[in-house]
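A quick write-up on the structure given underneath.
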Amino acid sequence: MLSTKRLLSIFVVFVLVVSACGGDETSDEGAASTTITVYSGRSEDLIRPILDAFTAETGIEVEARFGDSAELALLIQTEGDSSPADIFISQSPGALGLLAGEGRLATLDKGLTSMVGDGFSASDGTWIGITGRIRVVVYNADLVDVADLPNSILDVTDPAYAGRIAVAPSNGSFQDFVTAMRNELGDDATLAWLEGMARNGSPNYPKNSAIVEAVGRGEVEMGLVNHYYNLRALEADPSVASVNHFLPADDLGALVIVTGGAVLRSSDTPAVAHQLLEWMLSEATQASFAAETQEYPLRNGVAGPDGVPSLDGLAVDTIDYSLLGNGLTGTIELIRASGIEQ
C-alpha cells in the first residue's frame, strides 16, 4: 500500500500537470502515437508515477523495464544498437560511465545539462544527474559518543574503530565511493584503506538499509551508508537511535553520488527522450523526488530535504563522475583483493 506521503507527492505532480496544460490536449499532433522505452535502475514504485504524469501531460506512452542498474547496463551492452531502450536511468553513475565509455550514450543538449549545478552531469555531456545522496557515517547514539566519531573517512581504518564500522562491499554506492577514492588518491592508497578496513574486521552487510537497521538495533555501532536511509528509518520510527554523522564538506567521505539519466545513441526518438529527461528535472518532479526519497533534487533552485546540509560548498566538483564507470571493473577487483569482503 502506498504511504500517505507518496500519495500526496503523486497528487501534487498530477495537479501541476493539469494546471500547466489547462486541461487541453497536447499541441503535438504526433505525440499521442509516440511510445518511448525506459530502462530504470530505480524502483518502479518511485519512477512509474513520474512516467504516468509525463504521459498525462504529453500523450506520450512510456514503456519501462525495472531492475538492477548494473544488470540493465550489461543488458544494453548485449542488445547493442538493437536495444529498445531510449533512456537509461541508473541508481549510480558507475553504470552510466560504463556505457558512455563504450560510446552508447548520446550527447545531451546543453540546455538540459545547464539545469543542474556544476559537477552533477558527465563532463562529456552524455548523462545528467537527477537526484543525489551524500555518503555519511550512521551511528547509534546510545553506543557512540559524538567525540568518538571520525573526522575524516581516512580515520576509520584506525584500530580504535576495529569491528565497529559496518560496510556493504557489494553495494553499488560503496563501489562508486571506492572508485572515487581511486581517482583522488590512487590505487595504492585506496587498497591500503580497504585493507585497513579488512584488518579492522569491518562487519559486512548486503546493502545500506541493512546497515542502518543493524545500527538502530545496536547490532553494530556505526556504518558507511547514503544519508537518506537513516532519514527514512527515522520517518518510520522517530525513536530509533541511529543518527547521521556528516563528514566535513571537503572530505572524500562526504562524496555526493548521483542518480543519473541518459539517452541511448541508438534511440529512434532522441528528441522525445530529451523531453522526458527535462520533465524529470522540472521543479514539480524534483520536489516530488525530494519528498518521496529524502534525496537531494539536483535542479538549480529546488530545495533539498529537511535535516541535511546544503550542497553549496560541498566538494562535489572534485570528482569527475564520468570516470566512475571506466574504473568499475578495477574497483570490484580491488575490493576483492583487499579482503574486506567477509
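Chain labels A, B, ... are given in the sequence in which chains occur in the C-alpha cells; within each chain residues are numbered consecutively from 1, and ligands are likewise numbered from 1 in the order shown.
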
Do a neighbour search on A:Arg217 at 9 Å with only C-alpha atoms, toss out local chain neighbours closer than 2 positions, and write the hits as a list in words.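 The residues that qualify are Asn140, Val212, Glu213, Ala214, Val215, Glu219, Val220, Val240, Ala241 and Ser242 of chain A.
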
Keeping only C-alpha atoms, write those residues as a short mmCIF file (atom, residue, chain, number, x, y, z; two decimals), in the first residue's frame.
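Result written to result-v5.cif:
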data_model
loop_
_atom_site.label_atom_id
_atom_site.label_comp_id
_atom_site.auth_asym_id
_atom_site.auth_seq_id
_atom_site.Cartn_x
_atom_site.Cartn_y
_atom_site.Cartn_z
CA ASN A 140 23.91 4.55 17.31
CA VAL A 212 21.03 1.29 9.15
CA GLU A 213 18.71 -1.32 10.64
CA ALA A 214 21.62 -3.05 12.36
CA VAL A 215 22.90 0.25 13.77
CA GLU A 219 23.99 -4.80 16.49
CA VAL A 220 26.87 -2.66 15.22
CA VAL A 240 15.26 4.84 16.60
CA ALA A 241 18.75 5.52 17.99
CA SER A 242 20.54 5.85 14.64
#

Polymer residues at most 10 Å from A:Ser267, only C-alpha atoms, same-chain spacing of 4 or more positions, as a list in words: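 With the cut-off at 10 Å, the set is Ile36, Thr37, Asp81, Ser82, Ser83, Pro84, Ala85, Asp86, Ile87, Arg104, Leu105, Ala106, Val263, Ala271, Val272 and Ala273 of chain A.
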
Restrict the selected residues to C-alpha atoms and save them as a PDB file, in the first residue's frame.
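Writing the result to again_29.pdb gives the following:
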ATOM      1  CA  ILE A  36       9.394   5.506 -25.732  1.00  0.00           C
ATOM      2  CA  THR A  37      11.114   2.889 -23.604  1.00  0.00           C
ATOM      3  CA  ASP A  81      22.243  -0.950 -31.375  1.00  0.00           C
ATOM      4  CA  SER A  82      19.134  -3.152 -31.322  1.00  0.00           C
ATOM      5  CA  SER A  83      18.274  -2.173 -27.741  1.00  0.00           C
ATOM      6  CA  PRO A  84      14.667  -0.983 -27.431  1.00  0.00           C
ATOM      7  CA  ALA A  85      15.719   1.413 -24.672  1.00  0.00           C
ATOM      8  CA  ASP A  86      15.562   5.129 -25.412  1.00  0.00           C
ATOM      9  CA  ILE A  87      16.524   6.243 -21.896  1.00  0.00           C
ATOM     10  CA  ARG A 104      26.439   4.008 -26.321  1.00  0.00           C
ATOM     11  CA  LEU A 105      25.128   7.291 -24.893  1.00  0.00           C
ATOM     12  CA  ALA A 106      24.096  10.349 -26.910  1.00  0.00           C
ATOM     13  CA  VAL A 263      19.616   8.966 -23.857  1.00  0.00           C
ATOM     14  CA  ALA A 271      14.031  14.420 -29.078  1.00  0.00           C
ATOM     15  CA  VAL A 272      11.223  12.774 -27.109  1.00  0.00           C
ATOM     16  CA  ALA A 273      13.773  11.102 -24.830  1.00  0.00           C
TER      17      ALA A 273
END

From the DSSP assignment of the backbone, select every residue of stretch 29-75 of chain A that is helix (DSSP H, G or I), and format the answer as a PyMOL selection string. chain A and resi 31-33+44-58+69-75

Could you pull out all residues of stretch 223-266 of chain A with a DSSP call of strand (DSSP E or B) and give them as a VMD selection string? chain A and resid 223 to 226 242 to 245 256 to 264

Write the residues you've just listed into a file as a compact mmCIF listing (two decimals), in the first residue's frame, and include N, CA and C atoms for each of them.
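Dumped to out.txt:
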# COMPACT_ATOMS: atom_id res chain seq x y z
N GLY A 223 28.19 2.69 10.66
CA GLY A 223 28.23 2.12 9.32
C GLY A 223 28.40 3.21 8.27
N LEU A 224 28.94 2.83 7.11
CA LEU A 224 29.11 3.75 5.98
C LEU A 224 27.94 3.55 5.02
N VAL A 225 27.11 4.59 4.86
CA VAL A 225 25.88 4.48 4.08
C VAL A 225 25.60 5.79 3.34
N ASN A 226 24.50 5.80 2.58
CA ASN A 226 23.97 7.03 1.99
C ASN A 226 23.01 7.69 2.99
N SER A 242 19.55 5.57 15.68
CA SER A 242 20.54 5.85 14.64
C SER A 242 20.52 7.31 14.22
N VAL A 243 21.72 7.87 14.01
CA VAL A 243 21.89 9.28 13.66
C VAL A 243 22.92 9.39 12.54
N ASN A 244 22.68 10.31 11.60
CA ASN A 244 23.65 10.57 10.53
C ASN A 244 24.76 11.49 11.01
N HIS A 245 25.99 11.11 10.76
CA HIS A 245 27.15 11.97 11.00
C HIS A 245 27.70 12.39 9.65
N VAL A 256 29.14 13.18 -2.84
CA VAL A 256 27.77 13.17 -3.34
C VAL A 256 27.70 12.26 -4.55
N ILE A 257 26.88 11.21 -4.44
CA ILE A 257 26.71 10.26 -5.54
C ILE A 257 25.36 10.53 -6.20
N VAL A 258 25.35 10.60 -7.51
CA VAL A 258 24.13 10.98 -8.21
C VAL A 258 23.44 9.79 -8.86
N THR A 259 22.11 9.88 -8.91
CA THR A 259 21.30 9.06 -9.81
C THR A 259 21.19 9.84 -11.11
N GLY A 260 21.47 9.20 -12.23
CA GLY A 260 21.51 9.93 -13.49
C GLY A 260 20.66 9.33 -14.57
N GLY A 261 20.43 10.12 -15.61
CA GLY A 261 19.67 9.68 -16.77
C GLY A 261 20.43 9.97 -18.04
N ALA A 262 20.23 9.13 -19.04
CA ALA A 262 20.93 9.28 -20.32
C ALA A 262 20.02 8.85 -21.46
N VAL A 263 20.31 9.37 -22.63
CA VAL A 263 19.62 8.97 -23.86
C VAL A 263 20.53 8.02 -24.62
N LEU A 264 20.01 6.88 -25.02
CA LEU A 264 20.80 5.92 -25.78
C LEU A 264 21.06 6.46 -27.19

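Residue nearest A:Leu98, chosen from A:Thr329, A:Ser202, A:Thr131, A:Thr285 and counting only C-alpha atoms: A:Thr329.
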
Option closest in space to A:Ser92, from A:Arg65, A:Leu51, A:Asn171, A:Val38 [counting only C-alpha atoms]: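 Closest residue, counting only C-alpha atoms: A:Asn171.
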
Expressed in Å, the length from atom CA of A:Gly339 to atom CA of A:Ala160 is 19.3 Å

Any idea what's packed within 9 Å of A:Thr34, counting only C-alpha atoms, ignoring anything in its chain fewer than 6 positions away? Could you give it as a ChimeraX atom specification? /A:59-62,269,272

Leaving out A:Leu255 and any residue of its chain fewer than 2 positions from it, which residues lie within 6 Å of it when counting only C-alpha atoms, given as number ranges by chain? A: 134-135, 252-253

Print the selection's residues with N, CA and C atoms to a file, as a PDB file, in the first residue's frame.
ATOM      1  N   ILE A 134      24.381  11.905  -0.163  1.00  0.00           N
ATOM      2  CA  ILE A 134      25.705  12.086   0.441  1.00  0.00           C
ATOM      3  C   ILE A 134      26.078  10.841   1.235  1.00  0.00           C
ATOM      4  N   ARG A 135      27.336  10.468   1.139  1.00  0.00           N
ATOM      5  CA  ARG A 135      27.860   9.401   1.985  1.00  0.00           C
ATOM      6  C   ARG A 135      28.024   9.936   3.412  1.00  0.00           C
ATOM      7  N   LEU A 252      36.586  13.375   1.373  1.00  0.00           N
ATOM      8  CA  LEU A 252      36.106  12.421   0.381  1.00  0.00           C
ATOM      9  C   LEU A 252      34.937  11.599   0.922  1.00  0.00           C
ATOM     10  N   GLY A 253      34.860  11.460   2.234  1.00  0.00           N
ATOM     11  CA  GLY A 253      33.767  10.717   2.839  1.00  0.00           C
ATOM     12  C   GLY A 253      32.425  11.402   2.706  1.00  0.00           C
TER      13      GLY A 253
END

A:Gly301 environment, 12 Å, only C-alpha atoms, sequence neighbours closer than 4 positions dropped, as number ranges by chain: A: 115-117, 281-284, 286-287, 296-297, 310-312

Quick one: everything within 9 Å of stretch 185-191 of chain A, counting only C-alpha atoms, minus sequence neighbours fewer than 4 positions away in the same chain. Send it as a PyMOL selection string. chain A and resi 178-181+195-196+331+334-335+337-338
